[in-house]
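What's in my_file.cif: mmCIF, C-alpha atoms
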```cif
data_final
#
loop_
_atom_site.label_atom_id
_atom_site.label_comp_id
_atom_site.auth_asym_id
_atom_site.auth_seq_id
_atom_site.Cartn_x
_atom_site.Cartn_y
_atom_site.Cartn_z
CA MET A 1 177.20 4.26 37.24
CA PHE A 2 178.44 6.70 34.60
CA ILE A 3 174.89 7.24 33.40
CA ILE A 4 173.92 8.16 36.96
CA ALA A 5 176.93 10.46 37.18
CA ALA A 6 175.99 12.12 33.90
CA ASP A 7 172.41 12.55 35.10
CA MET A 8 173.60 14.08 38.35
CA PHE A 9 175.87 16.44 36.45
CA ALA A 10 172.86 17.51 34.37
CA VAL A 11 170.85 18.22 37.53
CA GLN A 12 173.66 20.23 39.03
CA THR A 13 174.21 22.20 35.86
CA GLU A 14 170.49 22.90 35.56
CA LEU A 15 170.18 23.99 39.17
CA HIS A 16 173.15 26.27 38.87
CA HIS A 17 171.97 27.58 35.54
CA ASN A 18 168.80 28.70 37.36
CA MET A 19 170.89 30.17 40.16
CA ALA A 20 173.09 31.96 37.64
CA LYS A 21 169.96 33.43 36.04
CA GLU A 22 169.08 34.82 39.45
CA GLY A 23 172.47 36.49 39.57
CA ASN A 24 174.25 34.04 41.85
CA THR A 25 177.55 32.25 41.64
CA MET A 26 177.87 29.37 39.23
CA GLU A 27 179.48 26.65 41.27
CA GLN A 28 179.65 23.08 40.11
CA LYS A 29 177.74 21.63 43.02
CA LEU A 30 174.33 21.59 44.57
CA ASN A 31 174.84 24.09 47.34
CA LEU A 32 171.94 23.72 49.79
CA LYS A 33 173.20 26.54 51.99
CA GLN A 34 173.20 28.89 49.00
CA LEU A 35 169.76 27.62 47.99
CA GLU A 36 168.43 28.46 51.46
CA LYS A 37 169.99 31.93 51.29
CA ASN A 38 168.47 32.57 47.86
CA THR A 39 165.09 31.44 49.14
CA VAL A 40 165.22 33.75 52.15
CA ALA A 41 166.51 36.69 50.12
CA GLY A 42 163.65 36.43 47.59
CA ILE A 43 161.84 39.46 48.98
CA PHE A 44 164.92 41.64 48.38
CA GLN A 45 164.73 41.03 44.63
CA THR A 46 161.39 42.86 44.48
CA GLY A 47 162.57 46.36 45.42
CA LEU A 48 159.76 46.61 48.00
CA VAL A 49 162.19 46.91 50.90
CA GLU A 50 164.00 49.82 49.19
CA ILE A 51 160.66 51.56 48.60
CA GLU A 52 159.75 51.06 52.26
CA MET A 53 163.10 52.49 53.36
CA GLY A 54 162.68 55.38 50.92
CA LEU A 55 159.28 56.18 52.43
CA ILE A 56 160.79 56.11 55.94
CA PHE A 57 163.42 58.66 54.84
CA ILE A 58 160.75 60.86 53.26
CA VAL A 59 158.87 60.91 56.58
CA SER A 60 162.17 61.68 58.35
CA THR A 61 162.79 64.58 55.96
CA LEU A 62 159.29 65.95 56.57
CA ALA A 63 159.73 65.58 60.34
CA MET A 64 162.99 67.56 60.17
CA LEU A 65 161.61 70.22 57.83
CA PHE A 66 158.49 70.81 59.93
CA ASP A 67 160.00 70.46 63.36
CA ASP A 68 157.21 72.41 65.10
CA ILE A 69 154.57 69.84 64.10
CA ARG A 70 156.97 66.88 64.34
CA TYR A 71 154.72 64.85 66.68
CA TYR A 72 151.94 64.84 64.08
CA ILE A 73 154.34 63.92 61.29
CA ASP A 74 155.81 61.06 63.35
CA ILE A 75 152.44 59.30 62.99
CA LEU A 76 153.25 59.01 59.28
CA TYR A 77 155.93 56.43 60.11
CA ILE A 78 153.09 53.94 60.23
CA GLY A 79 152.70 54.45 56.45
CA PRO A 80 155.87 52.55 55.39
CA ALA A 81 155.01 49.76 57.86
CA ILE A 82 151.52 49.38 56.38
CA PHE A 83 153.00 49.61 52.88
CA ILE A 84 155.38 46.66 53.37
CA ILE A 85 152.71 44.49 55.02
CA LEU A 86 150.24 45.11 52.18
CA ALA A 87 152.93 44.82 49.49
CA ILE A 88 154.02 41.41 50.76
CA LYS A 89 150.42 40.25 50.94
CA TYR A 90 149.22 41.60 47.59
CA ILE A 91 152.37 41.85 45.45
CA TYR A 92 154.98 39.36 46.68
CA GLU A 93 153.01 36.37 47.94
CA PRO A 94 150.61 35.99 44.99
CA ARG A 95 153.60 35.95 42.64
CA MET A 96 156.25 34.09 44.60
CA GLY A 97 154.24 32.00 47.02
CA VAL A 98 154.66 31.46 50.73
CA ALA A 99 157.29 29.56 52.68
CA ARG A 100 157.83 28.97 56.36
CA PHE A 101 161.50 29.08 57.16
CA THR A 102 163.48 26.72 59.36
CA LYS A 103 163.99 27.26 63.08
CA LYS A 104 167.64 28.09 62.40
CA ARG A 105 166.58 30.97 60.13
CA VAL A 106 164.00 32.17 62.65
CA ARG A 107 166.76 32.17 65.32
CA LYS A 108 168.96 34.20 62.97
CA ARG A 109 166.19 36.78 62.57
CA MET A 110 165.78 36.89 66.32
CA SER A 111 169.53 37.54 66.67
CA LEU A 112 169.14 40.44 64.25
CA MET A 113 166.30 41.94 66.26
CA ILE A 114 168.33 41.66 69.48
CA THR A 115 171.43 43.18 67.82
CA VAL A 116 169.46 46.08 66.33
CA THR A 117 167.64 46.69 69.64
CA VAL A 118 170.94 46.80 71.55
CA PHE A 119 172.42 49.29 69.07
CA LEU A 120 169.28 51.43 69.18
CA VAL A 121 169.25 51.46 72.98
CA VAL A 122 172.94 52.51 72.98
CA MET A 123 172.21 55.24 70.42
CA VAL A 124 169.18 56.60 72.32
CA SER A 125 171.11 56.44 75.62
CA LEU A 126 173.97 58.40 74.08
CA ARG A 127 171.53 60.94 72.66
CA PHE A 128 169.75 61.62 75.94
CA PHE A 129 172.22 60.83 78.70
CA GLY A 130 175.64 60.64 77.20
CA ILE A 131 176.24 63.99 75.51
CA SER A 132 177.55 65.51 78.73
CA SER A 133 179.77 62.48 79.32
CA PRO A 134 183.52 63.21 79.62
CA LEU A 135 184.00 60.59 76.86
CA PHE A 136 182.81 63.12 74.29
CA GLU A 137 185.66 65.42 75.07
CA PHE A 138 187.83 62.92 73.22
CA ILE A 139 185.42 61.43 70.68
CA ASN A 140 182.96 63.38 68.57
CA PRO A 141 179.48 61.86 69.23
CA ARG A 142 178.88 62.12 65.49
CA TRP A 143 181.41 59.36 64.85
CA ILE A 144 179.88 57.13 67.50
CA ILE A 145 176.40 57.57 66.00
CA SER A 146 177.84 57.00 62.50
CA GLY A 147 179.39 53.75 63.75
CA ILE A 148 176.10 52.63 65.25
CA ILE A 149 174.12 53.43 62.08
CA LEU A 150 176.70 51.54 60.01
CA SER A 151 176.62 48.59 62.43
CA ILE A 152 172.81 48.38 62.38
CA CYS A 153 172.71 48.40 58.55
CA ILE A 154 175.52 45.84 58.27
CA ALA A 155 173.79 43.61 60.84
CA ILE A 156 170.60 43.78 58.74
CA ALA A 157 172.57 42.95 55.58
CA TYR A 158 174.32 40.02 57.23
CA PHE A 159 171.45 38.42 59.12
CA LEU A 160 168.87 38.86 56.35
CA THR A 161 171.27 38.02 53.48
CA PHE A 162 170.41 41.37 51.91
CA ASP A 163 173.60 42.15 49.96
CA ARG A 164 172.57 45.58 48.62
CA MET A 165 172.15 46.72 52.23
CA TYR A 166 175.95 46.92 52.54
CA PHE A 167 175.85 49.72 49.95
CA TYR A 168 172.86 51.36 51.69
CA ALA A 169 174.78 51.18 54.98
CA PHE A 170 177.39 53.56 53.58
CA LEU A 171 174.74 55.65 51.82
CA ILE A 172 172.73 56.19 55.01
CA THR A 173 175.82 56.82 57.15
CA GLY A 174 177.04 59.26 54.51
CA ALA A 175 173.68 61.05 54.56
CA PHE A 176 173.84 61.36 58.36
CA ASN A 177 177.31 62.89 58.15
CA LEU A 178 176.30 65.19 55.31
CA SER A 179 173.29 66.29 57.33
CA GLU A 180 175.49 67.05 60.36
CA GLU A 181 177.99 68.88 58.15
CA ILE A 182 175.25 71.09 56.67
CA ARG A 183 173.89 71.80 60.14
CA GLU A 184 177.31 72.84 61.44
CA ASN A 185 178.36 74.77 58.30
CA PRO A 186 175.25 75.92 56.41
CA GLY A 187 176.11 77.05 52.89
CA ILE A 188 174.05 77.06 49.72
CA ILE A 189 171.95 74.21 51.12
CA SER A 190 170.73 75.62 54.40
CA GLU A 191 168.47 72.71 55.38
CA ASN A 192 170.18 69.55 56.59
CA ALA A 193 167.02 67.46 56.03
CA TYR A 194 167.73 67.45 52.29
CA ALA A 195 170.55 64.96 52.90
CA TYR A 196 167.89 62.43 53.93
CA LEU A 197 165.68 63.40 50.99
CA LEU A 198 168.58 62.53 48.71
CA VAL A 199 168.81 59.04 50.27
CA ALA A 200 165.03 58.65 49.94
CA ILE A 201 165.18 59.50 46.23
CA VAL A 202 168.06 57.06 45.60
CA LEU A 203 166.22 54.27 47.45
CA LEU A 204 162.90 54.96 45.72
CA VAL A 205 164.53 54.97 42.27
CA ILE A 206 166.42 51.71 42.91
CA GLY A 207 163.31 50.13 44.48
CA SER A 208 161.08 51.17 41.58
CA ILE A 209 163.49 49.70 39.02
CA TYR A 210 163.64 46.40 40.89
CA LEU A 211 159.86 46.37 41.38
CA PHE A 212 159.22 47.05 37.70
CA ARG A 213 161.56 44.21 36.72
CA PHE A 214 159.93 41.90 39.25
CA LEU A 215 156.38 42.64 38.10
CA LYS A 216 157.39 42.14 34.49
CA LYS A 217 159.18 38.86 35.20
CA TYR A 218 156.60 37.28 37.49
CA PRO A 219 152.89 37.45 36.67
CA THR A 220 150.41 36.61 39.44
CA SER A 221 149.73 32.95 40.11
CA GLU A 222 146.18 33.33 38.70
CA THR A 223 147.61 34.02 35.24
CA ILE A 224 150.09 31.11 35.31
CA MET B 1 174.32 4.80 56.19
CA VAL B 2 174.73 4.54 52.42
CA ASN B 3 173.11 1.51 50.75
CA ILE B 4 175.51 -0.74 48.86
CA ASN B 5 173.99 -3.59 46.82
CA GLN B 6 175.24 -7.13 46.19
CA LYS B 7 177.35 -6.06 43.19
CA ASN B 8 179.14 -3.65 45.53
CA GLN B 9 177.52 -0.68 43.78
CA ILE B 10 175.95 2.28 45.55
CA ASP B 11 172.13 2.23 45.50
CA ILE B 12 170.72 5.50 44.28
CA ASP B 13 167.10 6.39 45.11
CA LYS B 14 165.62 6.67 41.62
CA LEU B 15 162.60 8.57 42.91
CA ILE B 16 164.82 11.38 44.15
CA HIS B 17 167.31 11.12 41.31
CA GLU B 18 164.90 12.51 38.70
CA PRO B 19 166.05 16.16 38.12
CA ALA B 20 162.67 17.82 38.72
CA ARG B 21 161.97 15.86 41.89
CA LEU B 22 165.50 16.54 43.09
CA LYS B 23 164.88 20.26 42.68
CA ILE B 24 161.58 20.03 44.57
CA LEU B 25 163.11 18.03 47.42
CA ALA B 26 166.18 20.27 47.63
CA GLN B 27 163.89 23.28 47.92
CA LEU B 28 161.72 21.64 50.56
CA TYR B 29 164.83 20.55 52.44
CA VAL B 30 165.85 24.16 53.13
CA VAL B 31 162.43 25.36 54.35
CA GLU B 32 159.95 24.18 56.96
CA SER B 33 157.07 24.17 54.49
CA ALA B 34 156.13 25.97 51.29
CA ASP B 35 153.09 26.46 49.11
CA PHE B 36 152.59 25.29 45.54
CA VAL B 37 153.35 28.67 43.91
CA PHE B 38 156.58 28.98 45.88
CA LEU B 39 157.79 25.60 44.62
CA MET B 40 156.89 26.48 41.04
CA ARG B 41 158.81 29.76 41.21
CA GLN B 42 161.86 28.41 42.96
CA THR B 43 162.22 25.31 40.80
CA GLY B 44 161.16 26.90 37.51
CA LEU B 45 158.82 23.98 36.81
CA THR B 46 155.32 24.23 35.38
CA GLN B 47 152.15 23.73 37.41
CA GLY B 48 151.54 20.33 35.83
CA ASN B 49 155.10 19.18 36.42
CA VAL B 50 155.10 20.17 40.08
CA SER B 51 151.72 18.53 40.60
CA THR B 52 152.76 15.24 38.96
CA HIS B 53 156.03 15.01 40.84
CA LEU B 54 154.43 15.93 44.15
CA ASN B 55 151.91 13.10 43.69
CA LYS B 56 154.75 10.64 43.21
CA LEU B 57 156.61 11.98 46.22
CA GLU B 58 153.45 11.87 48.31
CA LEU B 59 152.84 8.24 47.34
CA ALA B 60 156.33 7.44 48.60
CA HIS B 61 155.52 9.36 51.83
CA TYR B 62 158.41 11.73 51.14
CA VAL B 63 156.24 14.84 51.32
CA LYS B 64 153.20 15.90 53.29
CA ILE B 65 150.56 17.90 51.45
CA GLU B 66 148.03 19.93 53.39
CA LYS B 67 145.21 21.57 51.49
CA GLY B 68 143.62 24.58 53.08
CA TYR B 69 142.28 28.05 52.43
CA LEU B 70 143.65 31.51 53.02
CA GLY B 71 140.55 33.64 52.98
CA LYS B 72 138.68 32.48 49.90
CA ARG B 73 141.76 31.34 48.01
CA PRO B 74 142.89 27.73 48.20
CA ARG B 75 146.42 27.22 49.49
CA THR B 76 148.33 23.95 49.39
CA MET B 77 151.21 23.74 51.84
CA ILE B 78 153.87 21.14 51.21
CA SER B 79 156.55 19.94 53.60
CA LEU B 80 159.17 17.25 53.64
CA SER B 81 158.20 14.29 55.85
CA LYS B 82 160.67 12.66 58.22
CA THR B 83 161.04 9.80 55.74
CA GLY B 84 161.61 12.26 52.91
CA ARG B 85 164.22 14.21 54.84
CA GLU B 86 166.09 11.03 55.71
CA ALA B 87 165.85 9.76 52.13
CA PHE B 88 167.17 13.04 50.76
CA THR B 89 170.09 13.09 53.22
CA LEU B 90 170.90 9.50 52.28
CA TYR B 91 170.69 10.35 48.59
CA VAL B 92 173.11 13.28 48.98
CA LYS B 93 175.53 11.06 50.93
CA SER B 94 175.25 8.30 48.31
CA MET B 95 175.96 10.71 45.50
CA GLN B 96 178.89 12.24 47.35
CA GLN B 97 180.29 8.76 47.96
CA MET B 98 179.75 7.84 44.33
CA PHE B 99 181.52 10.95 43.07
CA ASP B 100 184.34 10.38 45.52
CA ALA B 101 184.76 6.89 44.09
CA LEU B 102 184.88 8.18 40.51
CA ILE B 103 188.33 8.16 39.00
CA VAL B 104 188.72 10.73 36.24
#
```
As structure tokens - that is how I would like this structure written.
Amino acid sequence: MFIIAADMFAVQTELHHNMAKEGNTMEQKLNLKQLEKNTVAGIFQTGLVEIEMGLIFIVSTLAMLFDDIRYYIDILYIGPAIFIILAIKYIYEPRMGVARFTKKRVRKRMSLMITVTVFLVVMVSLRFFGISSPLFEFINPRWIISGIILSICIAIAYFLTFDRMYFYAFLITGAFNLSEEIRENPGIISENAYAYLLVAIVLLVIGSIYLFRFLKKYPTSETI
Amino acid sequence: MVNINQKNQIDIDKLIHEPARLKILAQLYVVESADFVFLMRQTGLTQGNVSTHLNKLELAHYVKIEKGYLGKRPRTMISLSKTGREAFTLYVKSMQQMFDALIV
């Protein structure tokens, strides 16, 4: 019995040693819930999501800078979407493999999509119909939109187990407020779009560092 | 229900108890199905190790292995069978019971 116990302890230690190497907590038990979370969050260790978000903010910056041809620039939003699809197919999957997640996880993702959609509908409704509402005599719409942006980002972080997104939530909300501040009180920086460019640069730098580390750590399955 | 043998000791499934197989089964337990590369990466085992252990688990009907192609590349998808899922749950319960019974 003690041999079995010692063996089990070895398994646990080994599993958690691997988890610790991945930057997770080192608990003295086989935590299946944590294992599932780590498995789902694998894509976020590659930096590809940050690069995608960075590209989205670059397109946003361009759309704000060239407002007169905005409709043509909006087409460029398809670029980040294509990027992430191709990156998963040609960078992530050949290196990390493919897994189909449980129904519970799929339901969690569905909850995220519903939550984000609700927040977006509220935000768009406020933008188009609500500005003249008497509510805004008491509350600055900027704070409501800030709250919605923060909520969307935190929902993404929570439902997708993407911990760095909590930091990006504040970064993006901060950029929105900075952009509004510049628009209301233009100073040395006259163009409010640069606030979003700043976020794009931060995201692209972080994403590139993570991607470089990922590519170095994991060769493609053909070279294994 | 945890198996208790005639000597009043808890029966541990030796097939699952091996550390590498335990890692593979734990990983498969938290997903619907996964391919070979995914298991290698998540468990940190070599190609040969994963292959050998999967054969043993397949013989015991604990895992289902489906070989297919994605485009021109072969892709092997592995999932935990109903028997495997039950065996793993029983193993975890047995181990928990055993540790609970340990007096330190």
**Request:** Specify as a ChimeraX atom specification each residue included when the PyMOL selection byres ((chain B) within 9 of (chain A)) is applied to this file.
**Result:** /B:9-10,12,17-20,22-23,26-27,29-44,46-47,77,95,98-99,102
re CA of Arg213 in chain A and CA of Ala87 in chain A: distance 15.4 Å
With 10 Å as the threshold, what does the neighbourhood of (169.8, 38.7, 55.4) contain in terms of residues, counting all atoms listed in the file? Coordinates are those of the file; answer as a ChimeraX atom specification. /A:37-38,40-41,44,105,108-109,112,154-163,165
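Our summary of the geometry notes that CA of Asp68 in chain A is positioned 25.9 Å from CA of Ser146 in chain A.
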- Item | Output of the PyMOL selection byres ((chain B and resi 63) around 10), listed as a list in words | Leu25, Leu28, Ser33, Leu54, Asn55, Lys56, Leu57, Glu58, Leu59, Ala60, His61, Tyr62, Lys64, Ile65, Glu66, Ile78, Ser79, Leu80, Ser81, Lys82, Thr83, Gly84 and Arg85 of chain B
Pairwise distance, CA of Glu52 in chain A with CA of Glu180 in chain A, equals 23.9 Å
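Distance annotation: of B:Ile103, B:Leu45, B:Ala87, B:Leu70, the residue with the minimal separation from Asp11 in chain B is B:Ala87; atom set is all atoms listed in the file.
The shell of residues at most 12 Å from Asp74 in chain A, with only C-alpha atoms counted and near chain neighbours (fewer than 2 positions) removed, consists of Ile56, Phe57, Ile58, Val59, Ser60, Thr61, Leu62, Ala63, Met64, Phe66, Asp67, Asp68, Ile69, Arg70, Tyr71, Tyr72, Leu76, Tyr77, Ile78, Gly79 and Pro80 of chain A.
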